[in-house]
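Engineer: Quick one: the structure is below, questions incoming.
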Amino acid sequence: MISNNIPVLIPLTFLVTAILIVILGSWRRFFVHPLAILGTAFSFVVSLYGLTTVLSSGTIRYHIGGWIPPIGIEYVLDPLSACIATIVCGVALLVLIHSRVSVESELPEKVIPFYAIAMLLLLGLTGIVVTGDLFNLYVFLEISALSSYAIVSVGEKRAPVAAFRYLLLGTIGATFYLLGIGYIYLLCGSLNMADVSKLLAASQINPALVVGIVLMIAGIGLKMALFPMHGWLPDAYSYAPSSGSALLAPIGTKVAAYALIRMVVYVFPSEYVQKDLPILDILAWLSAAGILYGSVMAIAQSELKRMLAYSSIAQIGYIGLGIGLGNALGFIGAILHILNHALMKATLFLVAGNLRLKIGHSSLYQFESVIGRKLPWTSAAFTIAALSMIGVPPTAGFFSKWYLVLAGIEGSRWFFIAVILISSLLNAVYFFRVLEKMYLHVHPKEDNTEMKVAERDEVPASMLIPTLVFAGLILLFGLFNVAIIDWVIKPMILSNP
Amino acid sequence: MLEFMLGHYAYWFTTALLLLGLYGMLAKQNLVKKLIAMNILQSSVIMFYVTMGSKRNATVPVLDPSITASNPYLYINPLPHTLMLTAIVVSVATTGVAFAILILIYRRYKTLDETVLLERMK
């Protein structure tokens with residue numbers, strides 16, 4: 001009985017928590033943070049339970065208001081959406097635990113709105129994941145987007161400008177998506193994903209359908225910051241408050257990538273996106289360009305968060321490339337990379353938040369070896385995440401790249417394999433530069449002979465533990481990646497019609 | 001060709017609005033004008049849906065005793081309009097957030113002109 005309600009329970013918890021935070025928080029400020037943690041933890045447990053239920057007894061469908069689809073809206077929890085929902089809630093839980101000290105030091109007057117909006121953001125993101133209706137996806141897309149604009153705009157001095165640019169571009173993306181659904185609805189007369197997929201498979205391709213599909217893909221691509229539609233991302237992520245970017249960067253664009261996978265793999269028939277329209281090829285080429293562009297731009301940055309933002313564009317490229325290669329191995333690589341990149345980016349952005357709290361900045365030019373001695377655990381977490389980003393086994397990052405390379409070999413796409421290898425080298429360049437500064441670089445003003453012993457000054461436990469848990473998970477998921485693929489990702493391929 | 005143009009004039013109109021909105025968002029210097037252009041862009045899509053939902057010689061989808069169940073095509077499909085009610089709400093919310101951000105920008109930089117703003121951000 002309870003398991004039927006899981007799909008709707010995940011987003012609804014966040015909505016209720018957001019309202020409770022505002023009501024109870026304005027009565028007693030003390031309640032805000034525990035409530036946010038409680039709500040997210042509840043959703044995480046529910047989605048984890050949902051994942052195990054889905055894997056053992058199949059897809060769960062919930063009909064809103066009892067209306068049977070395609071007339072009513074249905075929420076669907078299949079292996080793919082359950083997996084992404086678990087990732088979103090899990091990453092958000094650890095980031096929110098970490099955020100208390102950071103939010104109170106960076107945004108002392110905006111604690112209540114920050115957590116309320118963070119809950120709305122998670123409502124939007126989990127909603128995108130569980131909905132089985134094309135228009136409902138648009139609404140959740142906009143809920144999550146509006147909350148991210150608000151979270152970005154409370155950051156540093158330049159943040160509102162970045163947020164406004166993000167708002168304009170994000171709205172263009174959402175509007176394109178909405179226009180695309182209009183065409184699909186004109187042709188199919190249905191908005192239910194499963195229904196549309198059946199109707200499209202039975203119909204011939206025609207110009208109106210092409211326009212609709214292209215508009216939808218372009219709209220989602222803009223939300224996911226697919227190269228060359230990434231213009232909003234670097235500013236938004238680098239000027240947002242530390243906790244805000246730690247929340248947005250690992251899961252925000254990944255959920256848009258999920259929407260793209262849902263459309264390309266599940267809704268649109270494979271003949272359309274592979275033979276009639278070269279969508280998968282275009283996706284693969286754009287992703288390859290994005291991988292190289294993001295990596296090269298990351299090398300040129302002088303600020304840690306900005307460097308991570310550019311590397312996000314490159315990492316989104318890996319996910320796009322996995323989808324674009326269009327075979328089962330590429331799909332495994334893409335899903336595995338959504339998980340791995342969520343963990344890696346969360347670790348790196350949490351480290352950036354720790355550094356901002358303890359040394360007051362995250363400018364790479366001013367890094368020195370004191371950091372390595374002052375914050376040994378934070379630096380260790382950064383090192384693990386950096387090695388994973390480069391793709392050193394046995395960290396998780398190696399295995400998603402491994403599957404992408406295997407997919408490239410299977411499809412004989414040698415150029416894309418070269419791109420993955422070159423970008424790993426570029427990743428090594430920009431992460432080893434940071435590691436060198438963190439552990440070895442001595443500030444020129446200091447005299448080498450009387451190197452003062454830096455006091456160990458680690459961040460508080462509430463910030464350190466989530467960072468270390470993420471770093472541990474990177475190693476754990478790296479070592480047990482075969483189990484994840486067998487238990488979680490393989491059923492997604494089987495459930496794919 | 002002319003018949004094709006005239007027969008679909010409503011769609012041409014929405015396309016023109018869409019392009020006008022996109023042009024304004026790209027080319028205008030003032031941030032408020034960019035926002036107005038964004039609203040035009042959203043309205044064009046709303047009009048596209050309303051156009052596709054409308055039908056000649058058909059009535060609102062409220063049960064009319066004079067129309068029997070055998071000719072349901074005398075009713076307009078209400079779904080596109082309902083969808084657009086939601087889309088209008090989304091558009092209003094977006095505009096609200098955008099205005100809040102614009103106020104924030106103006107308080108910090110005392111300008112809403114993009115070129116001046118970019119200079120003052122340096």
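Chain labels A, B, ... are given in the sequence in which chains occur in the structure tokens; within each chain residues are numbered consecutively from 1, and ligands are likewise numbered from 1 in the order shown.
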Using only C-alpha atoms, determine which residues lie at most 10 Å from A:Leu55, disregarding the query and same-chain residues fewer than 6 positions distant; provide the list as a PyMOL selection string.
Structural biologist: chain A and resi 49+78-79+82-83+487-488+491-492
Engineer: Once you have the residues from the selection above, write them out as an mmCIF file, in the first residue's frame, restricted to N, CA and C atoms.
Structural biologist:
```
data_model
loop_
_atom_site.group_PDB
_atom_site.id
_atom_site.type_symbol
_atom_site.label_atom_id
_atom_site.label_comp_id
_atom_site.auth_asym_id
_atom_site.auth_seq_id
_atom_site.Cartn_x
_atom_site.Cartn_y
_atom_site.Cartn_z
ATOM 1 N N TYR A 49 14.272 3.329 -0.397
ATOM 2 C CA TYR A 49 13.312 2.238 -0.299
ATOM 3 C C TYR A 49 12.639 2.020 -1.655
ATOM 4 N N ASP A 78 10.711 4.303 -12.124
ATOM 5 C CA ASP A 78 11.333 3.123 -12.718
ATOM 6 C C ASP A 78 12.804 3.114 -12.282
ATOM 7 N N PRO A 79 13.573 2.088 -12.647
ATOM 8 C CA PRO A 79 14.950 2.028 -12.129
ATOM 9 C C PRO A 79 15.731 3.312 -12.361
ATOM 10 N N ALA A 82 14.323 6.189 -10.083
ATOM 11 C CA ALA A 82 14.597 5.896 -8.673
ATOM 12 C C ALA A 82 16.068 6.120 -8.360
ATOM 13 N N CYS A 83 16.935 5.715 -9.285
ATOM 14 C CA CYS A 83 18.374 5.875 -9.070
ATOM 15 C C CYS A 83 18.740 7.362 -8.991
ATOM 16 N N TRP A 487 23.353 -4.243 -10.374
ATOM 17 C CA TRP A 487 22.101 -4.151 -9.640
ATOM 18 C C TRP A 487 21.207 -3.019 -10.128
ATOM 19 N N VAL A 488 21.820 -1.874 -10.426
ATOM 20 C CA VAL A 488 21.008 -0.684 -10.662
ATOM 21 C C VAL A 488 20.927 -0.314 -12.139
ATOM 22 N N PRO A 491 19.179 -3.102 -14.912
ATOM 23 C CA PRO A 491 17.705 -3.114 -15.024
ATOM 24 C C PRO A 491 17.152 -1.952 -15.840
ATOM 25 N N MET A 492 17.884 -0.777 -15.846
ATOM 26 C CA MET A 492 17.400 0.357 -16.649
ATOM 27 C C MET A 492 17.404 0.009 -18.124
#
```
Engineer: Could you please select, counting only C-alpha atoms, the residues of chain B within 7 Å of chain A and state them as a VMD selection string?
Structural biologist: chain B and resid 42 45 49 94 98 101 104 to 105
Engineer: Take the residues from that selection and write them out as an mmCIF file, in the first residue's frame, keeping N, CA, C and O atoms.
Structural biologist:
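Output file again.cif is given in full below:
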```cif
data_model
loop_
_atom_site.group_PDB
_atom_site.id
_atom_site.type_symbol
_atom_site.label_atom_id
_atom_site.label_comp_id
_atom_site.auth_asym_id
_atom_site.auth_seq_id
_atom_site.Cartn_x
_atom_site.Cartn_y
_atom_site.Cartn_z
ATOM 1 N N GLN B 42 7.697 34.706 -24.028
ATOM 2 C CA GLN B 42 6.798 33.755 -23.356
ATOM 3 C C GLN B 42 5.375 33.899 -23.885
ATOM 4 O O GLN B 42 4.691 32.896 -24.099
ATOM 5 N N VAL B 45 4.651 31.995 -27.088
ATOM 6 C CA VAL B 45 4.371 30.565 -26.950
ATOM 7 C C VAL B 45 2.957 30.361 -26.401
ATOM 8 O O VAL B 45 2.232 29.444 -26.831
ATOM 9 N N TYR B 49 -0.147 28.191 -28.244
ATOM 10 C CA TYR B 49 -1.035 27.169 -27.676
ATOM 11 C C TYR B 49 -2.498 27.568 -27.819
ATOM 12 O O TYR B 49 -3.349 26.743 -28.148
ATOM 13 N N THR B 94 8.355 34.031 -12.882
ATOM 14 C CA THR B 94 9.678 34.363 -13.413
ATOM 15 C C THR B 94 9.886 35.863 -13.432
ATOM 16 O O THR B 94 10.941 36.368 -13.052
ATOM 17 N N ALA B 98 12.662 38.037 -11.527
ATOM 18 C CA ALA B 98 13.544 38.891 -12.322
ATOM 19 C C ALA B 98 13.528 40.321 -11.777
ATOM 20 O O ALA B 98 14.574 40.959 -11.657
ATOM 21 N N ILE B 101 15.597 40.546 -8.684
ATOM 22 C CA ILE B 101 17.034 40.555 -8.984
ATOM 23 C C ILE B 101 17.448 41.915 -9.549
ATOM 24 O O ILE B 101 18.510 42.447 -9.210
ATOM 25 N N LEU B 104 17.970 44.336 -6.851
ATOM 26 C CA LEU B 104 19.262 44.042 -6.213
ATOM 27 C C LEU B 104 20.419 44.618 -7.029
ATOM 28 O O LEU B 104 21.344 45.232 -6.481
ATOM 29 N N ILE B 105 20.348 44.418 -8.358
ATOM 30 C CA ILE B 105 21.413 44.941 -9.229
ATOM 31 C C ILE B 105 21.463 46.467 -9.130
ATOM 32 O O ILE B 105 22.528 47.068 -8.983
#
```
Engineer: Find the spatial neighbours of A:Gly221, counting only C-alpha atoms, within a cut-off of 12 Å - ignore same-chain residues fewer than 6 positions away - and output them as a VMD selection string.
Structural biologist: chain A and resid 169 to 170 172 to 174 176 to 177 213 to 215 227 to 231 253 to 261 263 to 264 279 282 to 283 286 to 287 313 316 to 317 319 to 320
Engineer: Which residues are near stretch 14-18 of chain B? Cut-off 8 Å, only C-alpha atoms, ignore same chain within fewer than 5 positions. Put them as a VMD selection string.
Structural biologist: chain B and resid 40 to 42 44 to 45 47 to 48
Engineer: Can you write just those residues out, N, CA and C atoms, as a CSV table (one decimal), in the first residue's frame?
Structural biologist:
```
chain,number,residue,atom,x,y,z
B,40,ILE,N,7.7,39.0,-23.9
B,40,ILE,CA,7.1,38.8,-25.3
B,40,ILE,C,7.3,37.4,-25.8
B,41,LEU,N,8.6,36.9,-25.6
B,41,LEU,CA,8.9,35.5,-26.0
B,41,LEU,C,7.9,34.5,-25.3
B,42,GLN,N,7.7,34.7,-24.0
B,42,GLN,CA,6.8,33.8,-23.4
B,42,GLN,C,5.4,33.9,-23.9
B,44,SER,N,4.5,34.7,-26.8
B,44,SER,CA,4.3,34.2,-28.1
B,44,SER,C,4.0,32.7,-28.0
B,45,VAL,N,4.7,32.0,-27.1
B,45,VAL,CA,4.4,30.6,-27.0
B,45,VAL,C,3.0,30.4,-26.4
B,47,MET,N,0.4,32.3,-26.9
B,47,MET,CA,-0.5,32.5,-28.1
B,47,MET,C,-0.5,31.3,-29.0
B,48,PHE,N,0.7,30.7,-29.2
B,48,PHE,CA,0.8,29.5,-30.1
B,48,PHE,C,-0.2,28.4,-29.6
```
Engineer: Excluding B:Val32 and any residue of its chain fewer than 6 positions from it, enumerate the residues within 9 Å of it, using only C-alpha atoms, and give them as a ChimeraX atom specification.
Structural biologist: /B:99,102,112-113
Engineer: Include N, CA, C and O atoms and write out the residues we just selected as a PDB file, in the first residue's frame.
Structural biologist:
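File produced: again.pdb:
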```
ATOM      1  N   PHE B  99      12.339  40.824 -11.410  1.00  0.00           N
ATOM      2  CA  PHE B  99      12.276  42.191 -10.861  1.00  0.00           C
ATOM      3  C   PHE B  99      13.047  42.278  -9.551  1.00  0.00           C
ATOM      4  O   PHE B  99      13.771  43.257  -9.315  1.00  0.00           O
ATOM      5  N   LEU B 102      16.570  42.509 -10.391  1.00  0.00           N
ATOM      6  CA  LEU B 102      16.896  43.817 -10.975  1.00  0.00           C
ATOM      7  C   LEU B 102      17.032  44.870  -9.875  1.00  0.00           C
ATOM      8  O   LEU B 102      17.929  45.718  -9.932  1.00  0.00           O
ATOM      9  N   LEU B 112      21.017  50.182 -14.725  1.00  0.00           N
ATOM     10  CA  LEU B 112      20.449  48.981 -15.320  1.00  0.00           C
ATOM     11  C   LEU B 112      20.879  48.862 -16.777  1.00  0.00           C
ATOM     12  O   LEU B 112      20.367  48.037 -17.510  1.00  0.00           O
ATOM     13  N   ASP B 113      21.834  49.717 -17.172  1.00  0.00           N
ATOM     14  CA  ASP B 113      22.318  49.662 -18.546  1.00  0.00           C
ATOM     15  C   ASP B 113      23.490  48.687 -18.612  1.00  0.00           C
ATOM     16  O   ASP B 113      24.410  48.757 -17.808  1.00  0.00           O
TER      17      ASP B 113
END
```
